[in-house]
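One structure is given here, and the rest of the page talks about it.
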Amino acid sequence: MTDEVPASVATSPRWHRHLELTATIMLAVATVMTAWSAFQANKWNAVQTRSYSAAGAHRTESTKASTLAGQQQIIDVLLFTDWLQATADETGGRLPTTYVEDPGTYSTFLYRRFRPEFEPALQAWLAADPGTNASAPSSPFVMPEYKLEAREKSAALERAAEASAATARQATARAGNYVLATVLCASVLFFCGIGLKLSSPRRRAWMVGCAAVLLLTTLIVLATFPVQL
């Protein structure tokens with residue numbers, strides 16, 4: 001009489017070999033994914049560092065430009081006040097609707113020292129006839145023509161600083177995502193490593209199966225992450 005070997009016993013070694021091969025492949029893939037995630041996390045951290053540095057530099061330059069604009073406006077105010085008094089003394093208190101230089105007068109001496117950015121605003125203000133028109137603007141400094149290049153530069157640098165800071169925050173979030181992917185890959189390595197050491201085939205298959213699901217999920221998530229090279 002011939003002894004028959006149960007099918008489960010006969011197929012068990014081959015099934016174990018397939019499971020071990022699958023786990024080995026998963027370990028290799030998880031190792032590569034771990035290295036890639038760590039590489040990308042470092043790259044995005046570098047972007048974060050550069051962006052924050054750029055934001056700081058932009059804000060420093062913006063502060064310098066803003067300070068210069070304030071100094072220029074003070075100069076404009078002081079010269080305008082003196083010019084206004086000199087013009088009033090020379091015209092008997094009347095303001096012209098347009099100023100024409102008169103060499104030898106103190107008002108012309110001051111007028112020639114106005115900054116180029118201030119002159120258009122002054123002439124536009126005089127054209128509004130502030131001496132008799134009650135609805136005329138109160139001073140040249142509220143006129144649309146009064147523009148300080150340094151102030152506009154300061155605003156542009158501040159916008160650039162905000163853009164760099166936003167890039168840095170985005171890079172921080174992306175680096176964090178890759179760090180999370182690294183942790184998930186480490187979990188895959190853990191489940192596969194433990195699963196291969198278990199004596200129970202069912203438990204071994206369960207652990208490797210969990211690792212496979214986790215590996216597939218991590219791979220799909222990684223595929224959606226932006227890449228920095």
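As shown in the structure tokens, the chain order sets the letters A, B, ...; within each chain, residues go from 1, and ligands are also counted from 1 in the order they appear.
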
Counting only C-alpha atoms, which residues in region 76-181 of chain A sit no more than 7 Å from region 34-51 of chain A? For each one, give the nearest pair of atoms and the distance in Å, sorted by chain then residue number, as CSV.
```
residue,atom,partner,partner_atom,distance
A:Ser164,CA,A:Ser51,CA,5.1
A:Ala165,CA,A:Ser51,CA,6.2
A:Thr167,CA,A:Ser51,CA,6.3
A:Ala168,CA,A:Gln48,CA,4.2
A:Arg169,CA,A:Gln48,CA,7.0
A:Ala171,CA,A:Gln48,CA,5.2
A:Thr172,CA,A:Gln48,CA,6.0
A:Arg174,CA,A:Trp44,CA,6.6
A:Ala175,CA,A:Ala41,CA,4.3
A:Tyr178,CA,A:Ser37,CA,5.1
A:Val179,CA,A:Ala41,CA,6.2
A:Ala181,CA,A:Ser37,CA,6.3
```

(request) Enumerate the residues of region 28-183 of chain A with a DSSP assignment of alpha helix (DSSP H), computed from the backbone, and present them as a ChimeraX atom specification. (result) /A:28-91,106-111,119-127,149-183

Writer output for current selection, C-alpha atoms, as an mmCIF file, in the first residue's frame:
```
data_model
loop_
_atom_site.group_PDB
_atom_site.id
_atom_site.type_symbol
_atom_site.label_atom_id
_atom_site.label_comp_id
_atom_site.auth_asym_id
_atom_site.auth_seq_id
_atom_site.Cartn_x
_atom_site.Cartn_y
_atom_site.Cartn_z
ATOM 1 C CA ALA A 28 14.886 45.619 -2.315
ATOM 2 C CA VAL A 29 12.167 47.941 -3.589
ATOM 3 C CA ALA A 30 11.552 49.385 -0.111
ATOM 4 C CA THR A 31 15.288 49.975 0.316
ATOM 5 C CA VAL A 32 15.460 51.895 -2.969
ATOM 6 C CA MET A 33 12.332 53.871 -2.041
ATOM 7 C CA THR A 34 13.817 54.713 1.354
ATOM 8 C CA ALA A 35 16.988 56.039 -0.256
ATOM 9 C CA TRP A 36 14.971 58.026 -2.814
ATOM 10 C CA SER A 37 12.721 59.529 -0.138
ATOM 11 C CA ALA A 38 15.697 60.525 1.997
ATOM 12 C CA PHE A 39 17.376 62.059 -1.063
ATOM 13 C CA GLN A 40 14.280 64.072 -1.948
ATOM 14 C CA ALA A 41 13.784 65.189 1.668
ATOM 15 C CA ASN A 42 17.353 66.549 1.695
ATOM 16 C CA LYS A 43 16.802 68.271 -1.650
ATOM 17 C CA TRP A 44 13.609 69.992 -0.466
ATOM 18 C CA ASN A 45 15.301 70.979 2.788
ATOM 19 C CA ALA A 46 17.991 72.657 0.687
ATOM 20 C CA VAL A 47 15.283 74.527 -1.253
ATOM 21 C CA GLN A 48 13.760 75.590 2.053
ATOM 22 C CA THR A 49 17.106 76.906 3.318
ATOM 23 C CA ARG A 50 17.842 78.816 0.116
ATOM 24 C CA SER A 51 14.351 80.288 -0.017
ATOM 25 C CA TYR A 52 14.398 81.462 3.594
ATOM 26 C CA SER A 53 17.828 83.000 3.004
ATOM 27 C CA ALA A 54 16.518 84.780 -0.089
ATOM 28 C CA ALA A 55 13.486 86.011 1.854
ATOM 29 C CA GLY A 56 15.741 87.414 4.570
ATOM 30 C CA ALA A 57 17.972 89.134 2.018
ATOM 31 C CA HIS A 58 14.964 90.638 0.240
ATOM 32 C CA ARG A 59 13.550 91.952 3.513
ATOM 33 C CA THR A 60 16.898 93.509 4.427
ATOM 34 C CA GLU A 61 17.078 95.286 1.073
ATOM 35 C CA SER A 62 13.429 96.282 1.395
ATOM 36 C CA THR A 63 14.126 97.891 4.757
ATOM 37 C CA LYS A 64 17.072 99.798 3.284
ATOM 38 C CA ALA A 65 14.940 101.049 0.385
ATOM 39 C CA SER A 66 12.122 102.011 2.743
ATOM 40 C CA THR A 67 14.541 103.958 4.938
ATOM 41 C CA LEU A 68 15.925 105.755 1.880
ATOM 42 C CA ALA A 69 12.390 106.624 0.742
ATOM 43 C CA GLY A 70 11.637 108.112 4.157
ATOM 44 C CA GLN A 71 14.800 110.200 4.048
ATOM 45 C CA GLN A 72 14.008 111.421 0.546
ATOM 46 C CA GLN A 73 10.499 112.413 1.560
ATOM 47 C CA ILE A 74 11.824 114.389 4.525
ATOM 48 C CA ILE A 75 14.162 116.258 2.158
ATOM 49 C CA ASP A 76 11.247 116.953 -0.187
ATOM 50 C CA VAL A 77 9.075 118.253 2.641
ATOM 51 C CA LEU A 78 11.753 120.561 4.021
ATOM 52 C CA LEU A 79 12.673 121.996 0.617
ATOM 53 C CA PHE A 80 9.009 122.412 -0.323
ATOM 54 C CA THR A 81 8.227 124.233 2.911
ATOM 55 C CA ASP A 82 11.101 126.650 2.369
ATOM 56 C CA TRP A 83 10.210 127.078 -1.307
ATOM 57 C CA LEU A 84 6.570 127.764 -0.474
ATOM 58 C CA GLN A 85 7.554 130.468 2.005
ATOM 59 C CA ALA A 86 10.052 132.004 -0.428
ATOM 60 C CA THR A 87 7.487 132.001 -3.255
ATOM 61 C CA ALA A 88 4.864 133.602 -1.028
ATOM 62 C CA ASP A 89 7.317 136.315 -0.010
ATOM 63 C CA GLU A 90 8.206 137.024 -3.647
ATOM 64 C CA THR A 91 4.624 137.067 -4.980
ATOM 65 C CA TYR A 106 15.589 132.363 -3.470
ATOM 66 C CA SER A 107 12.591 130.331 -4.652
ATOM 67 C CA THR A 108 14.437 129.422 -7.847
ATOM 68 C CA PHE A 109 17.526 128.568 -5.822
ATOM 69 C CA LEU A 110 15.394 126.092 -3.859
ATOM 70 C CA TYR A 111 13.446 124.894 -6.904
ATOM 71 C CA GLU A 119 8.971 118.283 -9.593
ATOM 72 C CA PRO A 120 6.091 116.632 -11.531
ATOM 73 C CA ALA A 121 4.026 116.446 -8.345
ATOM 74 C CA LEU A 122 4.709 120.105 -7.548
ATOM 75 C CA GLN A 123 3.714 121.321 -11.010
ATOM 76 C CA ALA A 124 0.565 119.167 -10.971
ATOM 77 C CA TRP A 125 -0.348 120.590 -7.564
ATOM 78 C CA LEU A 126 0.181 124.172 -8.737
ATOM 79 C CA ALA A 127 -1.951 123.468 -11.813
ATOM 80 C CA GLU A 149 11.308 104.950 -6.711
ATOM 81 C CA ALA A 150 12.863 103.766 -3.459
ATOM 82 C CA ARG A 151 9.422 103.162 -1.962
ATOM 83 C CA GLU A 152 8.280 101.200 -5.000
ATOM 84 C CA LYS A 153 11.505 99.206 -4.863
ATOM 85 C CA SER A 154 10.874 98.490 -1.189
ATOM 86 C CA ALA A 155 7.369 97.211 -1.961
ATOM 87 C CA ALA A 156 8.673 95.032 -4.804
ATOM 88 C CA LEU A 157 11.366 93.557 -2.557
ATOM 89 C CA GLU A 158 8.783 92.868 0.140
ATOM 90 C CA ARG A 159 6.643 90.998 -2.391
ATOM 91 C CA ALA A 160 9.712 89.025 -3.479
ATOM 92 C CA ALA A 161 10.420 88.200 0.172
ATOM 93 C CA GLU A 162 6.871 86.926 0.640
ATOM 94 C CA ALA A 163 7.173 84.802 -2.501
ATOM 95 C CA SER A 164 10.467 83.300 -1.285
ATOM 96 C CA ALA A 165 8.989 82.626 2.139
ATOM 97 C CA ALA A 166 5.999 80.900 0.517
ATOM 98 C CA THR A 167 8.387 78.743 -1.523
ATOM 99 C CA ALA A 168 10.266 77.871 1.661
ATOM 100 C CA ARG A 169 7.057 76.866 3.452
ATOM 101 C CA GLN A 170 6.038 74.732 0.491
ATOM 102 C CA ALA A 171 9.466 73.080 0.432
ATOM 103 C CA THR A 172 9.183 72.372 4.161
ATOM 104 C CA ALA A 173 5.864 70.616 3.626
ATOM 105 C CA ARG A 174 7.248 68.572 0.734
ATOM 106 C CA ALA A 175 10.325 67.570 2.716
ATOM 107 C CA GLY A 176 8.003 66.454 5.514
ATOM 108 C CA ASN A 177 6.026 64.342 3.064
ATOM 109 C CA TYR A 178 9.178 62.580 1.928
ATOM 110 C CA VAL A 179 10.216 62.000 5.536
ATOM 111 C CA LEU A 180 6.823 60.365 6.109
ATOM 112 C CA ALA A 181 7.417 58.189 3.036
ATOM 113 C CA THR A 182 10.774 57.181 4.516
ATOM 114 C CA VAL A 183 9.022 56.102 7.711
#
```

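Residues in contact with Thr24 (chain A) at up to 12 Å, not including ones fewer than 4 positions away on its chain and judged by only C-alpha atoms, are Arg17, His18, Leu19, Glu20, Ala28, Val29, Ala30, Thr31, Val188, Leu189, Phe191, Cys192, Gly193, Gly195, Leu196, Val208, Ala211 and Ala212 of chain A.
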
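Distance-wise, CA of Val142 (chain A) and CA of Gly92 (chain A) end up 25.5 Å apart.
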